[in-house]
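**Student:** Below you'll find the structure I mean.
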Amino acid sequence: MGSRHIIRWTPAVGLAVTLMVISNVLSSPRTSTSPPIFDVADGRIQPKQAHGIGHLGCNAASCHGGGNVGEPGSESLTWFEGDPHRKAYAVLHNAQSKTIAKNLAGPHGTVIAAHRDERCLKCHAPDAVTIPDQRLISPIGVGCESCHGPAGEWGTAHYQPGWKSLSAKQQAGEYGFYPLKDLGFRVRVCASCHVGDENRDVNHDLIAAGHPRLAFEYTAYHHQPDYQKHWKERDPQFESKAWETGQIACARAAVALLKTRADRAETSANTWPELSEYACFSCHKELATPSWKNVTSTTHRLGGMRWGSWYNATLPWLADARGDGVKPLDIPAKLKHLTSLAESPTANPKTISLRAAEVMTDFDRWLSLTNEPLSPRAISFGLSANALTPDHLKLRNMEWDEATQHYLGLAAARYAVHSTAKTNPDPLIELRQTLRFPVGPAGRIDSPRDTDPARVLKLFQDLQHPTPREQRP
Ligand code: HEC
Ligand code: HEC
Ligand code: HEC
Ligand code: HEC
């Protein structure tokens with residue numbers, strides 16, 4: 001895909017938005033006695049709770065549209081130039097989207113153009129769904145309010161004197177301004193589109209129609225090389241915190257999705273169980289390499305559907321590594337039980353929904369614990385050891401999903417020490433190359449079929465015993 005601009009950044013655009021901002025100042029302020037419009041603790045993202053104003057409201061040169069890319073005050077420009085979300089609407093016009101739309105309609109159905117289909121717009125251009133007049137202005141992908149909250153209430157308030165003295169809870173509760181500095185909340189916002197939620201879904205129908213599978217991991221996406229961020233992380237422990245929080249918050253989102261689907265299983269024509277929650281290569285055998293498949297598995301029937309292979313890959317280890325604070329929640333046992341229900345053809349959706357709700361509550365408790373983050377060394381030693389534990393036969397049961405999640409944790413730990421120590425060859429880089437999907441003559445092959453498990457095993461062994469220089473905490 002090219003990086004063509006949809007509209008050009010001109011002084012006229014700047015002027016128009018300045019006028020909008022000025023007219024917004026005249027709207028009446030909220031009183032602090034109004035009921036909260038947004039409750040962070042309730043665990044949802046509620047885009048419709050407050051009304052949005054559209055991205056143009058944020059872009060004035062004196063607000064976020066000035067300066068140079070990467071500097072404070074130029075957030076809109078940075079987003080416009082280097083944020084993948086800016087293209088999210090444009091891709092709905094491309095050939096892949098046309099194919100998806102055609103496949104979804106089937107041979108006899110009426111094709112709904114992707115850029116008009118609410119199923120797609122909800123994630124690719126939410127403003128076009130929630131703000132009626134945004135359909136008139138060309139929708140512009142995932143804009144400011146998709147992550148910072150609908151600005152109807154906070155738009156004019158957040159630059160007034162006194163705003164900064166409000167707590168994050170007040171800014172959220174009274175104005176609907178999302179507390180993105182809270183990493184757990186932030187990942188939940190990302191996950192509402194990148195994992196899915198009760199309103200937005202990339203299910204197996206969409207995947208079979210041609211949509212990429214969603215497999216989100218917060219630190220990998222945060223560090224995606226083409227993603228130019230419009231803020232700087234100032235917390236020196238950001239990497240370890242972000243990895244751990246990301247693992248928990250994404251797993252929570254995946255369990256919430258399981259619960260939503262279980263709740264709907266009886267009342268609607270939705271397919272149940274939803275295939276996209278299971279390891280793809282349990283069914284798509286022809287895509288999986290024989291060497292992964294030939295490995296005997298003790299906990300999973302060969303050919304059985306494996307639930308949650310992506311989002312739960314590291315959690316049992318993480319909960320154990322966390323020790324006392326998390327132990328009483330007994331997350332590994334509860335997850336194991338939920339997994340066995342989700343993998344059982346006879347389990348009742350109602351039971352699954354109840355168990356899923358319990359696990360969600362426990363994840364919320366876990367997220368609310370203010371622990372010191374695990375040290376990068378603990379993460380990297382622990383995860384590589386976890387991959388090799390003979391007791392749990394981890395690597396033998398581990399397929400591409402689990403191996404890749406373990407790799408991503410190791411990579412986050414490496415970022416966290418900002419290690420300049422290089423070994424040659426570097427097992428972490430080799431592991432990444434080993435896990436990467438191959439590119440064939442006709443483009444990328446969407447399968448790990450050429451991945452060599454023996455090589456993966458060897459690299460985890462090398463990573464468990466790093467060179468002394470890499471061992472510094
Ligand atoms: C639950 C949210 C969600 C829904 C619903 C959704 N998408 Fe997506 N879509 C995404 C995300 C997230 C990505 C990026 C995937 C990645 O790279 O991890 C994506 C990627 C894509 C891509 C690949 C874009 C690229 O840059 O290569 C296309 C094409 C696409 N979506 C089209 C559609 C169409 C058409 C629909 C409706 C039928 C749709 N999407 C519905 C979230 C969604
Ligand atoms: C994909 C999600 C996302 C989108 C879209 C997004 N932001 Fe942000 N933004 C964040 C995150 C995460 C932070 C960091 C947390 C924080 O500082 O509050 C942030 C931080 C900021 C900050 C604080 C910068 C600083 O130096 O601390 C401003 C201002 C901002 N965003 C403005 C915007 C504007 C304007 C837009 C639209 C052009 C926008 N954001 C779009 C996620 C997003
Ligand atoms: C409103 C929905 C939405 C939210 C919220 C959201 N994203 Fe996205 N994101 C998308 C869609 C849709 C795409 C696909 C865009 C495309 O391919 O053009 C995408 C693409 C991306 C990409 C590029 C992926 C690739 O394969 O190139 C990154 C990185 C990313 N998002 C990170 C994040 C992070 C981090 C957050 C949270 C701070 C976040 N996103 C929040 C919808 C969202
Ligand atoms: C329980 C078995 C099962 C699981 C798990 C499963 N699929 Fe499928 N998949 C099927 C079947 C059966 C079809 C053919 C019918 C259809 O299109 O729905 C199919 C079709 C597809 C297609 C269309 C291409 C084709 O050959 O027809 C794609 C792409 C696909 N699946 C990808 C995935 C991905 C990615 C995952 C993991 C997120 C996944 N599947 C998980 C059974 C499964």
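Ligands are numbered from 1 in the order shown, chains are lettered A, B, ... in the order of the structure tokens, and residues start at 1 in each chain.
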Near range 366-371 of chain A, within 8 Å and counting only C-alpha atoms, which residues show up once chain neighbours fewer than 4 positions away are dropped, as a list in words?
**Tutor:**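 Answer for this query is Gly184, Thr245, Ile248, Ala249, Gly325, Val326 and Asp362 of chain A.
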**Student:** Considering only C-alpha atoms and all ligand atoms, give me a table of residues in chain A that are at most 6 Å from ligand 2, with the closest atom pair and distance in Å for each, as a Markdown table.
**Tutor:**
```
| residue | atom | partner | partner_atom_place_in_ligand_line | distance |
| --- | --- | --- | --- | --- |
| A:Cys58 | CA | ligand 2 | 35 (C) | 5.2 |
| A:His64 | CA | ligand 2 | 35 (C) | 5.1 |
| A:Pro72 | CA | ligand 2 | 26 (O) | 5.2 |
| A:Glu75 | CA | ligand 2 | 35 (C) | 5.0 |
| A:Ser76 | CA | ligand 2 | 38 (C) | 3.6 |
| A:Trp79 | CA | ligand 2 | 38 (C) | 5.3 |
| A:Val142 | CA | ligand 2 | 5 (C) | 5.4 |
| A:Gly143 | CA | ligand 2 | 5 (C) | 4.6 |
| A:Cys144 | CA | ligand 2 | 37 (C) | 3.3 |
| A:Ser146 | CA | ligand 2 | 5 (C) | 5.9 |
| A:Cys147 | CA | ligand 2 | 2 (C) | 4.4 |
| A:Leu180 | CA | ligand 2 | 15 (C) | 4.6 |
| A:Lys181 | CA | ligand 2 | 15 (C) | 4.6 |
| A:Trp231 | CA | ligand 2 | 26 (O) | 4.4 |
```
**Student:** Find the residues near ligand 4. Use a cut-off of 7 Å, count only C-alpha atoms and all ligand atoms, and write them as a ChimeraX atom specification.
**Tutor:** /A:204-205,207-210,213,275-284,305
**Student:** Report as a PyMOL selection string which protein, DNA and RNA residues come within 7 Å of ligand 1, using only C-alpha atoms and all ligand atoms.
**Tutor:** chain A and resi 1+91-92+94+96-98+100-101+114+117+119-124+193-196+200-202+206+211-216
**Student:** Write out as an MDAnalysis selection string each polymer residue whose atoms come within 8 Å of range 453-465 of chain A, counting only C-alpha atoms; drop sequence neighbours fewer than 3 positions from it.
**Tutor:** chainID A and resid 291:292 380:381 384:385 387:388 395 403 427:428 430:431 434:435
**Student:** Put those residues in a file: C-alpha atoms, as a PDB file, in the first residue's frame.
**Tutor:**
```pdb
ATOM      1  CA  SER A 291       7.003 -31.566  12.014  1.00  0.00           C
ATOM      2  CA  TRP A 292       4.878 -29.391  14.327  1.00  0.00           C
ATOM      3  CA  SER A 380      13.724 -13.340  29.795  1.00  0.00           C
ATOM      4  CA  PHE A 381      15.083 -16.150  31.940  1.00  0.00           C
ATOM      5  CA  SER A 384      12.799 -19.108  27.933  1.00  0.00           C
ATOM      6  CA  ALA A 385      12.804 -21.614  30.807  1.00  0.00           C
ATOM      7  CA  ALA A 387       9.324 -22.692  26.916  1.00  0.00           C
ATOM      8  CA  LEU A 388      11.542 -25.618  27.855  1.00  0.00           C
ATOM      9  CA  LEU A 395       7.473 -26.599  23.909  1.00  0.00           C
ATOM     10  CA  ALA A 403       6.373 -19.818  20.539  1.00  0.00           C
ATOM     11  CA  PRO A 427      19.599 -16.099  19.144  1.00  0.00           C
ATOM     12  CA  LEU A 428      16.771 -13.593  19.615  1.00  0.00           C
ATOM     13  CA  GLU A 430      17.406 -15.827  14.795  1.00  0.00           C
ATOM     14  CA  LEU A 431      14.284 -16.805  16.693  1.00  0.00           C
ATOM     15  CA  THR A 434      12.673 -18.664  12.363  1.00  0.00           C
ATOM     16  CA  LEU A 435       9.142 -17.755  13.422  1.00  0.00           C
TER      17      LEU A 435
END
```
**Student:** Please report as JSON lines every residue of chain A lying within 8 Å of ligand 3, along with the nearest atom pair and their distance in Å (one decimal), using only C-alpha atoms and all ligand atoms.
**Tutor:**
```
{"residue": "A:Asp83", "atom": "CA", "partner": "ligand 3", "partner_atom_place_in_ligand_line": "22 (C)", "distance": 7.8}
{"residue": "A:Pro84", "atom": "CA", "partner": "ligand 3", "partner_atom_place_in_ligand_line": "23 (C)", "distance": 5.1}
{"residue": "A:His85", "atom": "CA", "partner": "ligand 3", "partner_atom_place_in_ligand_line": "15 (C)", "distance": 5.2}
{"residue": "A:Arg86", "atom": "CA", "partner": "ligand 3", "partner_atom_place_in_ligand_line": "18 (O)", "distance": 7.2}
{"residue": "A:Lys87", "atom": "CA", "partner": "ligand 3", "partner_atom_place_in_ligand_line": "18 (O)", "distance": 4.5}
{"residue": "A:Ala88", "atom": "CA", "partner": "ligand 3", "partner_atom_place_in_ligand_line": "18 (O)", "distance": 3.7}
{"residue": "A:Tyr89", "atom": "CA", "partner": "ligand 3", "partner_atom_place_in_ligand_line": "18 (O)", "distance": 6.9}
{"residue": "A:Ala90", "atom": "CA", "partner": "ligand 3", "partner_atom_place_in_ligand_line": "18 (O)", "distance": 7.0}
{"residue": "A:Val91", "atom": "CA", "partner": "ligand 3", "partner_atom_place_in_ligand_line": "18 (O)", "distance": 5.4}
{"residue": "A:Lys122", "atom": "CA", "partner": "ligand 3", "partner_atom_place_in_ligand_line": "1 (C)", "distance": 6.9}
{"residue": "A:Cys123", "atom": "CA", "partner": "ligand 3", "partner_atom_place_in_ligand_line": "2 (C)", "distance": 4.3}
{"residue": "A:His124", "atom": "CA", "partner": "ligand 3", "partner_atom_place_in_ligand_line": "12 (C)", "distance": 3.9}
{"residue": "A:Ala125", "atom": "CA", "partner": "ligand 3", "partner_atom_place_in_ligand_line": "1 (C)", "distance": 6.8}
{"residue": "A:Pro126", "atom": "CA", "partner": "ligand 3", "partner_atom_place_in_ligand_line": "1 (C)", "distance": 5.8}
{"residue": "A:Gly141", "atom": "CA", "partner": "ligand 3", "partner_atom_place_in_ligand_line": "12 (C)", "distance": 7.4}
{"residue": "A:Val142", "atom": "CA", "partner": "ligand 3", "partner_atom_place_in_ligand_line": "1 (C)", "distance": 5.2}
{"residue": "A:Gly143", "atom": "CA", "partner": "ligand 3", "partner_atom_place_in_ligand_line": "1 (C)", "distance": 7.8}
{"residue": "A:Ser146", "atom": "CA", "partner": "ligand 3", "partner_atom_place_in_ligand_line": "1 (C)", "distance": 5.1}
{"residue": "A:Cys147", "atom": "CA", "partner": "ligand 3", "partner_atom_place_in_ligand_line": "5 (C)", "distance": 5.3}
{"residue": "A:Arg186", "atom": "CA", "partner": "ligand 3", "partner_atom_place_in_ligand_line": "38 (C)", "distance": 5.8}
{"residue": "A:Val187", "atom": "CA", "partner": "ligand 3", "partner_atom_place_in_ligand_line": "37 (C)", "distance": 5.8}
{"residue": "A:Arg188", "atom": "CA", "partner": "ligand 3", "partner_atom_place_in_ligand_line": "37 (C)", "distance": 7.8}
{"residue": "A:Val189", "atom": "CA", "partner": "ligand 3", "partner_atom_place_in_ligand_line": "5 (C)", "distance": 5.1}
{"residue": "A:Cys190", "atom": "CA", "partner": "ligand 3", "partner_atom_place_in_ligand_line": "37 (C)", "distance": 3.4}
{"residue": "A:Ala191", "atom": "CA", "partner": "ligand 3", "partner_atom_place_in_ligand_line": "41 (C)", "distance": 6.9}
{"residue": "A:Ser192", "atom": "CA", "partner": "ligand 3", "partner_atom_place_in_ligand_line": "5 (C)", "distance": 6.1}
{"residue": "A:Cys193", "atom": "CA", "partner": "ligand 3", "partner_atom_place_in_ligand_line": "2 (C)", "distance": 4.3}
{"residue": "A:His194", "atom": "CA", "partner": "ligand 3", "partner_atom_place_in_ligand_line": "7 (N)", "distance": 6.0}
{"residue": "A:Tyr218", "atom": "CA", "partner": "ligand 3", "partner_atom_place_in_ligand_line": "35 (C)", "distance": 6.0}
{"residue": "A:Thr219", "atom": "CA", "partner": "ligand 3", "partner_atom_place_in_ligand_line": "35 (C)", "distance": 7.6}
{"residue": "A:Ala220", "atom": "CA", "partner": "ligand 3", "partner_atom_place_in_ligand_line": "29 (C)", "distance": 7.6}
{"residue": "A:Tyr221", "atom": "CA", "partner": "ligand 3", "partner_atom_place_in_ligand_line": "29 (C)", "distance": 4.1}
{"residue": "A:His222", "atom": "CA", "partner": "ligand 3", "partner_atom_place_in_ligand_line": "35 (C)", "distance": 4.7}
{"residue": "A:His223", "atom": "CA", "partner": "ligand 3", "partner_atom_place_in_ligand_line": "29 (C)", "distance": 7.1}
{"residue": "A:Gln224", "atom": "CA", "partner": "ligand 3", "partner_atom_place_in_ligand_line": "29 (C)", "distance": 5.1}
{"residue": "A:Asp226", "atom": "CA", "partner": "ligand 3", "partner_atom_place_in_ligand_line": "27 (O)", "distance": 7.1}
{"residue": "A:Tyr227", "atom": "CA", "partner": "ligand 3", "partner_atom_place_in_ligand_line": "29 (C)", "distance": 5.6}
```
**Student:** Let me see the file: selected residues, N, CA and C atoms, as a CSV table (one decimal), in the first residue's frame.
**Tutor:**
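Saved the output as selection.csv:
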```csv
chain,number,residue,atom,x,y,z
A,83,ASP,N,1.2,7.7,11.4
A,83,ASP,CA,0.4,6.7,12.2
A,83,ASP,C,-0.4,5.8,11.3
A,84,PRO,N,-0.3,4.5,11.4
A,84,PRO,CA,-1.0,3.6,10.5
A,84,PRO,C,-2.5,3.8,10.6
A,85,HIS,N,-3.0,4.3,11.7
A,85,HIS,CA,-4.4,4.5,11.9
A,85,HIS,C,-5.0,5.5,10.9
A,86,ARG,N,-4.2,6.4,10.4
A,86,ARG,CA,-4.7,7.4,9.4
A,86,ARG,C,-5.2,6.7,8.2
A,87,LYS,N,-4.6,5.6,7.8
A,87,LYS,CA,-5.0,4.9,6.5
A,87,LYS,C,-6.1,3.9,6.7
A,88,ALA,N,-6.6,3.8,7.9
A,88,ALA,CA,-7.5,2.7,8.2
A,88,ALA,C,-8.8,2.8,7.4
A,89,TYR,N,-9.2,4.0,7.1
A,89,TYR,CA,-10.4,4.2,6.3
A,89,TYR,C,-10.1,3.9,4.8
A,90,ALA,N,-8.9,4.4,4.4
A,90,ALA,CA,-8.5,4.3,3.0
A,90,ALA,C,-8.5,2.8,2.5
A,91,VAL,N,-8.0,2.0,3.4
A,91,VAL,CA,-7.9,0.6,3.0
A,91,VAL,C,-9.2,-0.1,2.7
A,122,LYS,N,-16.8,0.4,12.0
A,122,LYS,CA,-16.7,0.4,13.5
A,122,LYS,C,-15.3,0.4,13.9
A,123,CYS,N,-14.4,-0.4,13.2
A,123,CYS,CA,-13.0,-0.4,13.6
A,123,CYS,C,-12.2,0.5,12.7
A,124,HIS,N,-12.5,0.6,11.4
A,124,HIS,CA,-11.6,1.3,10.5
A,124,HIS,C,-11.9,2.8,10.4
A,125,ALA,N,-13.1,3.2,10.8
A,125,ALA,CA,-13.4,4.7,10.8
A,125,ALA,C,-14.6,4.9,11.8
A,126,PRO,N,-14.3,4.7,13.1
A,126,PRO,CA,-15.5,4.7,14.0
A,126,PRO,C,-16.3,6.0,14.0
A,141,GLY,N,-10.3,7.4,9.0
A,141,GLY,CA,-9.7,6.3,9.8
A,141,GLY,C,-9.9,6.4,11.2
A,142,VAL,N,-8.9,5.9,12.0
A,142,VAL,CA,-9.0,5.9,13.4
A,142,VAL,C,-8.4,7.2,14.0
A,143,GLY,N,-9.3,8.1,14.3
A,143,GLY,CA,-8.8,9.4,14.7
A,143,GLY,C,-8.6,9.6,16.2
A,146,SER,N,-11.0,8.2,18.9
A,146,SER,CA,-11.1,6.7,19.0
A,146,SER,C,-10.2,6.2,20.2
A,147,CYS,N,-9.2,6.9,20.4
A,147,CYS,CA,-8.3,6.5,21.5
A,147,CYS,C,-8.4,7.5,22.8
A,186,ARG,N,-5.2,1.6,28.6
A,186,ARG,CA,-4.8,1.9,27.2
A,186,ARG,C,-4.9,0.7,26.4
A,187,VAL,N,-4.3,-0.4,26.9
A,187,VAL,CA,-4.4,-1.7,26.1
A,187,VAL,C,-5.8,-2.1,25.9
A,188,ARG,N,-6.7,-1.8,26.8
A,188,ARG,CA,-8.1,-2.2,26.6
A,188,ARG,C,-8.6,-1.4,25.4
A,189,VAL,N,-8.2,-0.1,25.3
A,189,VAL,CA,-8.7,0.7,24.2
A,189,VAL,C,-8.2,0.0,22.9
A,190,CYS,N,-6.9,-0.3,22.8
A,190,CYS,CA,-6.3,-0.9,21.6
A,190,CYS,C,-7.1,-2.2,21.3
A,191,ALA,N,-7.3,-3.0,22.4
A,191,ALA,CA,-7.9,-4.3,22.2
A,191,ALA,C,-9.3,-4.2,21.7
A,192,SER,N,-10.0,-3.1,22.0
A,192,SER,CA,-11.4,-3.0,21.6
A,192,SER,C,-11.5,-3.2,20.0
A,193,CYS,N,-10.4,-2.8,19.3
A,193,CYS,CA,-10.4,-3.0,17.9
A,193,CYS,C,-9.5,-4.2,17.5
A,194,HIS,N,-8.3,-4.3,18.2
A,194,HIS,CA,-7.3,-5.3,17.8
A,194,HIS,C,-7.6,-6.7,18.3
A,218,TYR,N,0.7,-6.1,22.7
A,218,TYR,CA,0.8,-4.7,22.8
A,218,TYR,C,2.2,-4.1,22.5
A,219,THR,N,3.3,-4.7,23.1
A,219,THR,CA,4.6,-4.1,22.8
A,219,THR,C,5.0,-4.2,21.4
A,220,ALA,N,4.7,-5.3,20.7
A,220,ALA,CA,5.1,-5.5,19.3
A,220,ALA,C,4.4,-4.4,18.5
A,221,TYR,N,3.1,-4.1,18.8
A,221,TYR,CA,2.4,-3.1,18.0
A,221,TYR,C,2.9,-1.7,18.3
A,222,HIS,N,3.2,-1.5,19.6
A,222,HIS,CA,3.7,-0.2,20.0
A,222,HIS,C,5.0,0.1,19.3
A,223,HIS,N,5.8,-0.9,19.1
A,223,HIS,CA,7.1,-0.7,18.5
A,223,HIS,C,7.1,-1.0,17.0
A,224,GLN,N,6.0,-1.2,16.4
A,224,GLN,CA,5.9,-1.5,15.0
A,224,GLN,C,6.7,-0.4,14.3
A,226,ASP,N,6.9,1.2,11.5
A,226,ASP,CA,6.2,2.2,10.8
A,226,ASP,C,5.3,3.1,11.6
A,227,TYR,N,5.2,2.8,12.9
A,227,TYR,CA,4.2,3.6,13.7
A,227,TYR,C,5.0,4.7,14.4
```
**Student:** Distance CA of Asn68 in chain A-CA of Gly54 in chain A, one decimal place?
**Tutor:** 22.5 Å
**Student:** Rounded to one decimal, what separation in Å do you get between CA of Asp197 in chain A and CA of Thr361 in chain A?
**Tutor:**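 A separation of 16.3 Å between them.
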**Student:** Do you know which residues are at most 9 Å from Val111 in chain A counting only C-alpha atoms, after dropping those on the same chain fewer than 4 positions away, and could you put them as a PDB file with N, CA and C atoms, in the first residue's frame?
**Tutor:**
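Saved the output as around-v4.pdb:
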```
ATOM      1  N   ALA A 101     -15.548  -7.937   0.816  1.00  0.00           N
ATOM      2  CA  ALA A 101     -16.964  -7.579   0.704  1.00  0.00           C
ATOM      3  C   ALA A 101     -17.691  -8.558  -0.217  1.00  0.00           C
ATOM      4  N   LYS A 102     -17.035  -8.913  -1.317  1.00  0.00           N
ATOM      5  CA  LYS A 102     -17.637  -9.829  -2.286  1.00  0.00           C
ATOM      6  C   LYS A 102     -17.819 -11.213  -1.662  1.00  0.00           C
ATOM      7  N   ASN A 103     -16.789 -11.694  -0.980  1.00  0.00           N
ATOM      8  CA  ASN A 103     -16.877 -13.016  -0.352  1.00  0.00           C
ATOM      9  C   ASN A 103     -17.924 -13.059   0.759  1.00  0.00           C
ATOM     10  N   LEU A 104     -18.032 -11.958   1.512  1.00  0.00           N
ATOM     11  CA  LEU A 104     -19.019 -11.945   2.597  1.00  0.00           C
ATOM     12  C   LEU A 104     -20.440 -12.028   2.052  1.00  0.00           C
ATOM     13  N   ALA A 105     -20.649 -11.401   0.904  1.00  0.00           N
ATOM     14  CA  ALA A 105     -21.994 -11.407   0.321  1.00  0.00           C
ATOM     15  C   ALA A 105     -22.342 -12.785  -0.240  1.00  0.00           C
ATOM     16  N   GLY A 106     -21.322 -13.550  -0.609  1.00  0.00           N
ATOM     17  CA  GLY A 106     -21.586 -14.859  -1.204  1.00  0.00           C
ATOM     18  C   GLY A 106     -22.008 -14.704  -2.647  1.00  0.00           C
TER      19      GLY A 106
END
```
**Student:** Could you pull the residues within 8 Å of Leu408 in chain A, counting only C-alpha atoms, minus those fewer than 2 positions along the same chain, as a ChimeraX atom specification?
**Tutor:** /A:217,219-220,404-406,410-412
**Student:** Write the selection just made, keeping N, CA and C atoms, as a tab-separated table (two decimals), in the first residue's frame?
**Tutor:**
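Produced file selection.tsv, reproduced below:
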```tsv
chain	number	residue	atom	x	y	z
A	217	GLU	N	-0.39	-8.09	20.21
A	217	GLU	CA	0.47	-8.13	21.39
A	217	GLU	C	0.95	-6.70	21.56
A	219	THR	N	3.28	-4.71	23.06
A	219	THR	CA	4.61	-4.11	22.84
A	219	THR	C	5.04	-4.22	21.37
A	220	ALA	N	4.68	-5.33	20.73
A	220	ALA	CA	5.06	-5.48	19.32
A	220	ALA	C	4.39	-4.42	18.47
A	404	THR	N	5.63	-17.78	19.44
A	404	THR	CA	5.75	-16.38	19.06
A	404	THR	C	5.47	-15.46	20.24
A	405	GLN	N	4.45	-15.79	21.04
A	405	GLN	CA	4.19	-14.98	22.23
A	405	GLN	C	5.39	-15.00	23.18
A	406	HIS	N	6.03	-16.15	23.32
A	406	HIS	CA	7.22	-16.21	24.18
A	406	HIS	C	8.34	-15.35	23.58
A	410	LEU	N	10.32	-12.07	25.26
A	410	LEU	CA	11.78	-11.98	25.31
A	410	LEU	C	12.27	-10.70	24.63
A	411	ALA	N	11.61	-10.35	23.54
A	411	ALA	CA	12.01	-9.13	22.82
A	411	ALA	C	11.71	-7.90	23.69
A	412	ALA	N	10.56	-7.90	24.38
A	412	ALA	CA	10.24	-6.77	25.26
A	412	ALA	C	11.28	-6.64	26.36
```
**Student:** Could you tell me how far CA of Arg44 in chain A lies from CA of Cys63 in chain A, in Å and to one decimal?
**Tutor:** 28.9 Å
**Student:** Using backbone DSSP assignments, extract all alpha helix (DSSP H) residues from range 107-318 of chain A; output them as an MDAnalysis selection string.
**Tutor:** chainID A and resid 118:124 126:130 144:148 168:175 183:194 204:209 218:222 238:265 280:283 290:293 315:318
**Student:** Assign secondary structure with DSSP using the backbone only, and return the residues of range 270-448 of chain A in strand (DSSP E or B) as number ranges by chain.
**Tutor:** A: 278, 307, 439-440, 443-444
**Student:** Give me a file of those residues, with N, CA and C atoms, as a short mmCIF file (atom, residue, chain, number, x, y, z; two decimals), in the first residue's frame.
**Tutor:**
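again-v4.cif, written as the output of this step:
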```cif
data_model
loop_
_atom_site.label_atom_id
_atom_site.label_comp_id
_atom_site.auth_asym_id
_atom_site.auth_seq_id
_atom_site.Cartn_x
_atom_site.Cartn_y
_atom_site.Cartn_z
N TYR A 278 -9.76 -20.31 18.14
CA TYR A 278 -8.99 -21.56 18.28
C TYR A 278 -7.73 -21.50 17.42
N TRP A 307 -8.15 -23.92 22.24
CA TRP A 307 -8.67 -22.58 22.47
C TRP A 307 -7.60 -21.66 23.07
N VAL A 439 8.05 -15.96 2.72
CA VAL A 439 7.51 -15.29 1.54
C VAL A 439 7.75 -16.21 0.35
N GLY A 440 6.68 -16.59 -0.30
CA GLY A 440 6.79 -17.48 -1.45
C GLY A 440 6.76 -16.67 -2.73
N GLY A 443 3.98 -14.14 -2.94
CA GLY A 443 3.76 -13.24 -1.80
C GLY A 443 3.87 -13.99 -0.48
N ARG A 444 3.45 -13.32 0.61
CA ARG A 444 3.62 -13.92 1.92
C ARG A 444 2.72 -15.14 2.09
#
```
**Student:** List the spatial neighbours of Val255 in chain A as a PyMOL selection string - criterion: any atom at most 8 Å away, only C-alpha atoms, same-chain residues fewer than 2 positions off excluded.
**Tutor:** chain A and resi 251-253+257-259+356+359-360
**Student:** Point out the residue among A:Lys164, A:His337, A:Arg355, A:Lys327 with the least atom-to-atom distance to Ala256 in chain A, counting only C-alpha atoms.
**Tutor:**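 That would be A:Arg355, the residue with the smallest distance to Ala256 in chain A.
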**Student:** Taking into account only C-alpha atoms, which residue in the set A:Gly308, A:Gly70, A:Gly109, A:Pro376 is nearest to His230 in chain A?
**Tutor:**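 Selected residue with least distance to His230 in chain A: A:Gly70.
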